[in-house]
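Working notes for the structure below.
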Amino acid sequence: MKYIFVTGGVVSSLGKGLTSGALGMILERMGLRVSMQKLDPYINVDPGTMSPYQHGEVYVTDDGSEADLDLGHYERFTHARISGDSNYTTGKIYNEVIRKERRGDYLGRTVQVIPHITDEIKRAIRRGASSDVDVALCEIGGTVGDIESLPFLEAIRQFSLDVGRKNCLFVHLTLLPFLRASGELKTKPSQQSVGKLREIGIVPDILICRTEQPMTSEMRDKLSMFCNVERRSVIEERDVDFSIYEVPVNLVREGIDELLVEFLGLKPGTQADFETWYGLLETVRNPDFEVEIGLVGKYIQLDDAYKSHYEALAHAGIAHRTRVRVRKIGADTLEVASDELRGVDGVLVPGGFGERGFEGKIRAVQWAREGRVPYLGVCYGMQAAVVDYARHVAGLPNATTTEFGADVSEPVISLMEEQKRIKDLGGTMRLGAFACRLDPDSRSARAYGASEISERHRHRYEYNNAYRERLEGAGLRSVGINPDLDLVEVVELDDHPFFVGVQYHPEFKSRPLEPHPLFRDFIGAALERRQRRGTPDDRRDASRGDLT
């Protein structure tokens, strides 16, 4: 097995996860099988209890692990099997070492960072690389030079000795800052970043340079000399114009596929097949249509908080040759829905927690329902739809959720029975993939083309079955049921162009060439609304709204 380790320097949020996913995709399109893994230096065991403002969205795997959002990039770009072993944190590593120490596994020895922590990191790397793959990619979170990243960097240095240097490839992603005052790109931060790596004992084989402006030939020479990297291994990764899905193609144009073949000792002449991907990019660059979706959430200031939603909308747009613009609307400040949402072609309310912004989400649901505007509610968005319908149609004016207090009079959303005994917050929600049985005569079943599905969950509260008969009698259909616990997972309205609420998170299973069925049909309904209204086609005006 071959291993690729991706590190980052100069600043955080350079796009290591995106670059790692792109490398995995290139290798897959060369006919190889890959695994993907992220090692994070923070002490939290997982990101499940971290604020979206701190960390962005929490990605959920089929096996119920709460993980870093970069795992979403891995799944969107590759077919790698993602699980709990695909994401390890400092907290998770130390937790395992301390557990072993308490059990007596170390036989009285002093437990230290080296070798015990680094050995545990190396074991984690091996667990993340399943035996049936050709190449295991491992991204090291954080930035070279940070004290918390040192054990991980030391571990991969040791790992390269354990498996043989010829079986390991070190890729370093760095930044070439552009100083507008002088009109120059600067290489010094990248030189210093590589210098820090070399102090640890890691010499990058490939240097990928994030940049706003094209690199000059002289800059490549300079980086090659001072970073001790072959000139042909200095790769430009310029900011993309239209979509993140341009990144793999741009890297191939820089010759990175040839480098991977050579450095990893792959079969000579292996070429990446991007024929279908070029078609996708053509649709992104030159769509036939455009729609605008109002996303109503309380974390709209940070794009990463709803990363998978934005990507799922983009994938659905590609399926319809449509550019999807997103109007981001703060749920906590939404007072008059008609003012904030006027003109949108569809409304999406994503997941969330807490009382802040919930009433704004309900206003958005009511506006979309009464105005016959396509609506998709995800997790908390489904719960908001149930509360709206209970209050304004089913005659339950005090309807709400017990998340805001256990003594509410009309709890149409309530804490799951299995959650009532749980005290800890981390890793204790209803997490991972669960079965759902769809009513064959439902919009959702027609979208999926199936009546038995499996989707990923992350929640503690559910539709209260005590109100099911009354709400169904008022017209809110329960069309998706978990067969094991009889939980309502999908609600719909029949007399509406598109009104679907799901308790699970469909955005996690959407792919660029395989959009999620519900997002696909949601955008299809939004496009129909746009065309019925006869809105002029202004798809080429990139100044309006935000591109997904």
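To be explicit about the labels: the chains of the structure tokens are called A, B, and onward in the order shown, and within each one the residues are counted from 1, while ligands get numbers from 1 in the order they are shown.
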* Near-Val490 in chain A list (8 Å; only C-alpha atoms; drop same-chain fewer than 5 positions) as number ranges by chain -> A: 382, 478-481, 500-503
* Please, which residues of range 430-522 of chain A, numbered as in this document, come out helix (DSSP H, G or I) from DSSP, as a list of chain:residue names? ->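 Of range 430-522 of chain A, the ones in helix (DSSP H, G or I) are A:Arg443, A:Ser444, A:Ala445, A:Arg446, A:Ala447, A:Tyr448, A:Asn465, A:Ala466, A:Tyr467, A:Arg468, A:Glu469, A:Arg470, A:Leu471, A:Glu472, A:Gly473, A:Pro506, A:Glu507, A:Phe508, A:Lys509, A:Pro517, A:Leu518, A:Phe519, A:Arg520, A:Asp521, A:Phe522.
Distances from A:Gly84, A:Gly475, A:Gly317, A:Pro52 to Gly297 in chain A were compared using only C-alpha atoms, and the smallest one belongs to A:Pro52.
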* Apply DSSP to the structure's backbone, then extract all residues of range 51-217 of chain A labelled strand (DSSP E) and return them as a ChimeraX atom specification. => /A:59-60,66-67,87-89,135-140,168-175,178-179,184-185,206-211
* Contacts of range 135-148 of chain A at 6 Å (only C-alpha atoms; same-chain gap of 5+ positions) as a VMD selection string -> chain A and resid 1 to 9 12 34 to 41 129
For the selection you just gave me, I'd like the residues written to a file as a PDB file, in the first residue's frame, keeping C-alpha atoms.
ATOM      1  CA  MET A   1       0.000   0.000   0.000  1.00  0.00           C
ATOM      2  CA  LYS A   2       1.095   3.537  -0.750  1.00  0.00           C
ATOM      3  CA  TYR A   3       0.486   6.489   1.580  1.00  0.00           C
ATOM      4  CA  ILE A   4       0.060  10.188   0.790  1.00  0.00           C
ATOM      5  CA  PHE A   5       0.318  12.661   3.670  1.00  0.00           C
ATOM      6  CA  VAL A   6      -1.029  16.178   3.086  1.00  0.00           C
ATOM      7  CA  THR A   7       0.183  18.969   5.380  1.00  0.00           C
ATOM      8  CA  GLY A   8      -0.501  22.698   5.361  1.00  0.00           C
ATOM      9  CA  GLY A   9       1.505  25.803   6.084  1.00  0.00           C
ATOM     10  CA  SER A  12      -5.265  27.616   8.226  1.00  0.00           C
ATOM     11  CA  VAL A  34      -8.248   4.953  -2.263  1.00  0.00           C
ATOM     12  CA  SER A  35      -9.014   5.551   1.389  1.00  0.00           C
ATOM     13  CA  MET A  36      -9.281   9.016   2.953  1.00  0.00           C
ATOM     14  CA  GLN A  37      -8.497  10.167   6.495  1.00  0.00           C
ATOM     15  CA  LYS A  38      -8.244  13.428   8.476  1.00  0.00           C
ATOM     16  CA  LEU A  39      -6.122  13.829  11.625  1.00  0.00           C
ATOM     17  CA  ASP A  40      -7.169  16.891  13.641  1.00  0.00           C
ATOM     18  CA  PRO A  41      -4.990  18.494  16.344  1.00  0.00           C
ATOM     19  CA  ALA A 129      -6.357   2.593   5.540  1.00  0.00           C
TER      20      ALA A 129
END
* Asked: Could you name the residues that touch range 120-122 of chain A at 7 Å or less, counting only C-alpha atoms, but leaving out those on the same chain fewer than 6 positions away, as a ChimeraX atom specification?
  -> /A:93,152,155,159
